[in-house]
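**Q** Below is the structure I would like to discuss, written out as structure tokens.
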Amino acid sequence: MSTSLKKIISQHSLLLKTPTGIIGLDEITDGGLPKGRPTLICGEAGCGKTLMSLEFLIRGAIEFNEPGVFMAFEEKASELTMNVASLGFDLDKLQAKKKIKLDYVHIDRSEIEETGEYNLEGLFIRLGYAIDSIKAKRVVLDTLENLFSGLNNQAILRAELRRLFQWLKEKDVTAIITGEKGDGPSLTRQGLEEYVSDCVILLDHRVINQISTRRLRVIKYRGSVHGTNEYPFLIDEEGISVLPITSLKLEKEVSSKRISSGIPSLDSMLDGCGFFKGSSILVSGTAGTGKTSIAAYFANETCKRGEKCIYFAFEESPKQIIRNMRSIDVDLQKHVDKGLLKFHASRPTLHGLEMHLVAIYKIIKKFKPDVVVLDPITNLITVGSVSEVKAMLIRLIDFLQEEQITVMFTALTLNNIVNEQTDEGVSSLVDAWILVRDIEFNGERNRGMYIMKSRGMKHSNQVREFIITDKGLDLVEVYLGPEGVLTGSAREAQKLQEKAGSMLRDFAVSRKDRELIRKRKVLEAKISNLQMEFESAEEELNKMHQQEELIKQMTSSTREEITNIRRGEHNKEKGGKNG
Amino acid sequence: MVKEKETKAYELRLYIAGKTAKSTTALINLKKYCEEHLKGQYKIEVIDLLVQPQLAEGDQIFAIPTLVRKVPEPIRKIIGDLSNEEKVLVGLNIRPALSNL
């Protein structure tokens with residue numbers, strides 16, 4: 001929990017704590033169980049009391065070097081060893097190393113007779129001897145209530161129990177006492193909670209809709225702050241892990257680093273850079289709109305950058321996804337082989353929501369991915385109500401953001417109403433929301449994509465047509481024409497139409513040009529004709545001029561001659577002629 | 001009654017923790033019953049767990065005082081200060097239960 005709280009505790013040394021080492025439990029109890037005091041773990045049969053207490057001892061011995069004594073009233077040492085062997089703990093080895101001591105107290109009513117006064121000093125001595133022999137710091141008394149079924153004298157028992165808890169405190173051991181839940185309102189059958197008043201943890205195993213969930217609640221923790229909610233916990237091959245609801249404060253680090261979605265045209269819609277690192281992205285859409293393809297592209301792009309990605313599949317098996325994605329030219333197998341991509345497929349009905357969350361949490365903690373894909377979150381609805389799914393996703397997003405992991409959810413919307421802003425109610429939580437939807441038009445179904453929101457960046461407000469081909473995914477601009485938004489073949493048809501139109505226009509233009517040339521030629525011909533006419537007219541005129549000139553000359557010469565003749569001068573000359 | 005003729009047919013062990021009043025009462029009671037009913041056939045071993053705590057586990061001792069009948073088999077245990085003679089005798093199988101009489 002918060003470091004400030006820890007500081008306060010260490011400053012005043014209010015209450016020393018013994019870390020349990022159980023994942024999550026130390027967070028809830030803010031450091032562990034009260035040191036040197038007994039803690040009661042109660043619950044119904046089969047809810048994990050023995051395992052939790054045993055893990056407390058084993059982890060103490062291994063991780064914190066605190067030896068522990070396990071006093072069993074129910075199961076024999078060999079049975080216990082076998083039980084925890086399945087969790088990978090070797091009790092025999094720990095016993096040989098004097099880290100853990102198992103002591104089985106056998107109480108059989110049939111071979112015991114009670115006469116007169118007695119006390120449980122024998123038990124104290126045994127326990128004391130066991131504690132001293134390995135210098136134990138931790139003690140577990142597994143189902144102390146078995147004493148009640150073995151012995152008759154309740155008055156003695158109760159007095160002795162009170163003494164036992166006091167004695168345990170004096171021994172300064174951190175003890176866990178387990179007790180089974182009875183039918184009545186009390187937490188344990190024999191009312192052990194009245195003796196153990198420092199810390200009480202209740203385990204619960206509930207089945208809702210045929211799905212069981214284990215839960216843990218710290219009922220009481222004297223002198224310490226603790227989480228009061230019910231926390232789900234999981235028992236798997238690594239023991240118990242409790243899931244604390246992550247801090248509900250909004251004090252996360254943020255990154256302004258951008259990461260590509262894998263689809264260049266989508267990146268360009270997102271300010272040209274893609275998503276923010278550590279953000280959460282929701283891809284929602286109706287069935288068959290390509291949500292998984294988008295998610296696979298994103299995963300592929302992540303692995304291409306050499307980053308790690310976990311793909312949580314709730315619908316398809318990993319092999320199915322890999323095969324299907326090959327059809328759009330995405331080879332996920334090679335990333336799997338390289339260890340960059342990890343698939344985790346599970347049916348939602350495998351276990352409850354909380355268990356899914358714990359499982360996801362654990363895998364993420366282990367694999368440390370950069371990107372997480374959940375496909376699809378809508379399937380989780382089958383194991384919980386909308387509000388439960390939302391609560392789970394809030395916690396998941398919270399956790400991922402704290403770890404700076406980018407997450408992409410896909411969600412199936414069942415209706416086409418865009419205004420329906422309630423995709424599992426997470427739409428308000430996510431940073432970016434991409435909507436893929438069907439556009440039914442002109443007898444065919446096409447995919448349209450747009451960005452509903454994308455916090456902190458300028459993003460395109462346009463609807464793009466989302467095309468899936470064997471070459472991959474692409475976004476093309478839809479045709480926005482006088483006939484409205486066109487997609488698919490309508491868009492292609494419109495394009496063709498435009499092409500034909502322009503060809504026609506081109507043709508028309510060239511025809512007009514030719515006509516012009518022809519007209520020009522005609523006119524030019526006319527011009528030359530006129531010029532010719534003009535030339536001939538000019539010639540005519542010139543001819544007339546010359547004739548007149550000639551006539552003028554002739555007449556003038558003739559007149560001279562006449563004059564000469566009259567003078568007779570010319571007669572001599574001319575007489576012969578005339579003569 | 002063949003067994004009773006054998007010496008030390010009864011091996012009894014009394015677990016105590018220090019010389020407390022209960023322990024002393026138990027020992028006195030035990031000796032008294034044995035002398036009365038099993039004269040010469042018994043052996044009593046007193047184990048003080050404060051001295052030998054490691055022995056508590058072997059005989060599954062948790063209450064003090066505890067009387068364990070090691071022989072004859074099966075092992076029987078009687079806890080308490082053995083103040084009820086009838087119960088002790090029945091418990092040790094020295095005297096059959098009253099219903100058999």
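Ordering of the structure tokens sets the chain letters (A, B, ...), residue numbers begin anew at 1 in every chain, and ligands are numbered from 1 in the order given.
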Write out as an NGL selection string all residues of chain B that DSSP puts in alpha helix (DSSP H) for this structure's backbone.
**A** :B and (2-5 or 21-37 or 55-58 or 85-91)
**Q** Per residue of chain A within 9 Å of chain B, which atom pair is closest and at what distance in Å (one decimal), using only C-alpha atoms, listed by chain and increasing number, as a Markdown table?
**A**
```
| residue | atom | partner | partner_atom | distance |
| --- | --- | --- | --- | --- |
| A:Asp103 | CA | B:Glu57 | CA | 7.6 |
| A:Tyr104 | CA | B:Glu57 | CA | 8.2 |
| A:Val105 | CA | B:Gln60 | CA | 6.1 |
| A:His106 | CA | B:Gln60 | CA | 6.1 |
| A:Ile107 | CA | B:Gln60 | CA | 7.9 |
| A:Ser110 | CA | B:Arg76 | CA | 8.9 |
| A:Glu111 | CA | B:Arg76 | CA | 5.3 |
| A:Ile112 | CA | B:Lys77 | CA | 4.8 |
| A:Glu113 | CA | B:Ile78 | CA | 4.5 |
| A:Glu114 | CA | B:Ile79 | CA | 4.9 |
| A:Thr115 | CA | B:Gly80 | CA | 4.9 |
| A:Gly116 | CA | B:Gly80 | CA | 4.8 |
| A:Glu117 | CA | B:Gly80 | CA | 4.8 |
| A:Tyr118 | CA | B:Gly80 | CA | 4.3 |
| A:Asn119 | CA | B:Ile64 | CA | 5.3 |
| A:Leu120 | CA | B:Ala63 | CA | 4.1 |
| A:Glu121 | CA | B:Ile64 | CA | 5.5 |
| A:Gly122 | CA | B:Phe62 | CA | 4.1 |
| A:Leu123 | CA | B:Phe62 | CA | 4.0 |
| A:Phe124 | CA | B:Phe62 | CA | 7.6 |
| A:Ile125 | CA | B:Pro53 | CA | 6.1 |
| A:Arg126 | CA | B:Ala56 | CA | 5.9 |
| A:Gly128 | CA | B:Pro53 | CA | 8.5 |
| A:Tyr129 | CA | B:Pro53 | CA | 6.1 |
| A:Ala130 | CA | B:Gln54 | CA | 8.4 |
```
**Q** Using only C-alpha atoms, which protein or nucleic acid residues come within 7 Å of A:Gly60? Drop anything in the same chain fewer than 6 positions from it, and give the result as a count of residues only.
**A** 4
**Q** When you look at A:Ala432 with a cut-off of 12 Å (counting only C-alpha atoms), what residues show up, excluding the ones that are within fewer than 3 positions of it in the same chain? I need them as JSON, numbers by chain.
**A** {"A": [261, 270, 274, 275, 276, 277, 278, 279, 280, 281, 282, 283, 284, 406, 407, 408, 409, 410, 426, 427, 428, 429, 435, 450, 451, 452, 453, 454, 455, 456, 457, 458, 459]}
**Q** Take the residues from that selection and write them out as a tab-separated table (two decimals), in the first residue's frame, keeping C-alpha atoms.
**A**
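See again_33.tsv below for the written result:
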```tsv
chain	number	residue	atom	x	y	z
A	261	SER	CA	-1.34	0.54	-34.22
A	270	LEU	CA	-4.57	9.37	-34.76
A	274	GLY	CA	-0.74	6.08	-33.12
A	275	PHE	CA	-1.73	5.45	-29.54
A	276	PHE	CA	-0.10	6.62	-26.35
A	277	LYS	CA	2.02	4.07	-24.58
A	278	GLY	CA	0.34	2.76	-21.47
A	279	SER	CA	-3.09	3.81	-22.63
A	280	SER	CA	-6.12	1.63	-22.96
A	281	ILE	CA	-7.80	1.15	-26.28
A	282	LEU	CA	-11.24	-0.23	-26.91
A	283	VAL	CA	-12.13	-1.63	-30.30
A	284	SER	CA	-15.80	-2.31	-30.49
A	406	THR	CA	-0.80	-0.64	-23.28
A	407	VAL	CA	-3.98	-2.62	-23.45
A	408	MET	CA	-6.36	-3.24	-26.29
A	409	PHE	CA	-9.80	-4.64	-25.59
A	410	THR	CA	-12.17	-5.79	-28.21
A	426	VAL	CA	-15.65	0.69	-20.07
A	427	SER	CA	-15.96	3.24	-22.81
A	428	SER	CA	-15.59	5.98	-20.26
A	429	LEU	CA	-12.52	4.35	-18.81
A	435	LEU	CA	-15.58	1.79	-33.49
A	450	TYR	CA	-14.07	5.80	-36.94
A	451	ILE	CA	-12.49	7.04	-33.80
A	452	MET	CA	-15.05	7.77	-31.14
A	453	LYS	CA	-12.51	9.26	-28.87
A	454	SER	CA	-8.84	9.48	-28.35
A	455	ARG	CA	-7.75	11.37	-25.31
A	456	GLY	CA	-4.94	13.81	-25.57
A	457	MET	CA	-4.48	13.95	-29.29
A	458	LYS	CA	-5.90	15.45	-32.39
A	459	HIS	CA	-7.70	12.73	-34.20
```
**Q** Between atom CA of A:Thr382 and atom CA of A:Lys342, what is the distance in Å, rounded to a tenth?
**A** 24.3 Å
**Q** So which residues touch B:Leu12 within 6 Å, counting only C-alpha atoms, skipping near sequence neighbours fewer than 6 positions away, as a list in words?
**A**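 Listed by chain and then number, they are Lys43, Ile44, Val68, Arg69 and Lys70 of chain B.
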**Q** So what do you get for atom CA of A:Gly272 versus atom CA of A:Ile405, distance-wise?
**A**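 It comes out at 21.0 Å.
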**Q** Where in stretch 359-488 of chain A does DSSP assign strand (DSSP E or B), given as a ChimeraX atom specification?
**A** /A:371-375,406-412,432-441,444-454,464-469,472-477,479-481,484-486
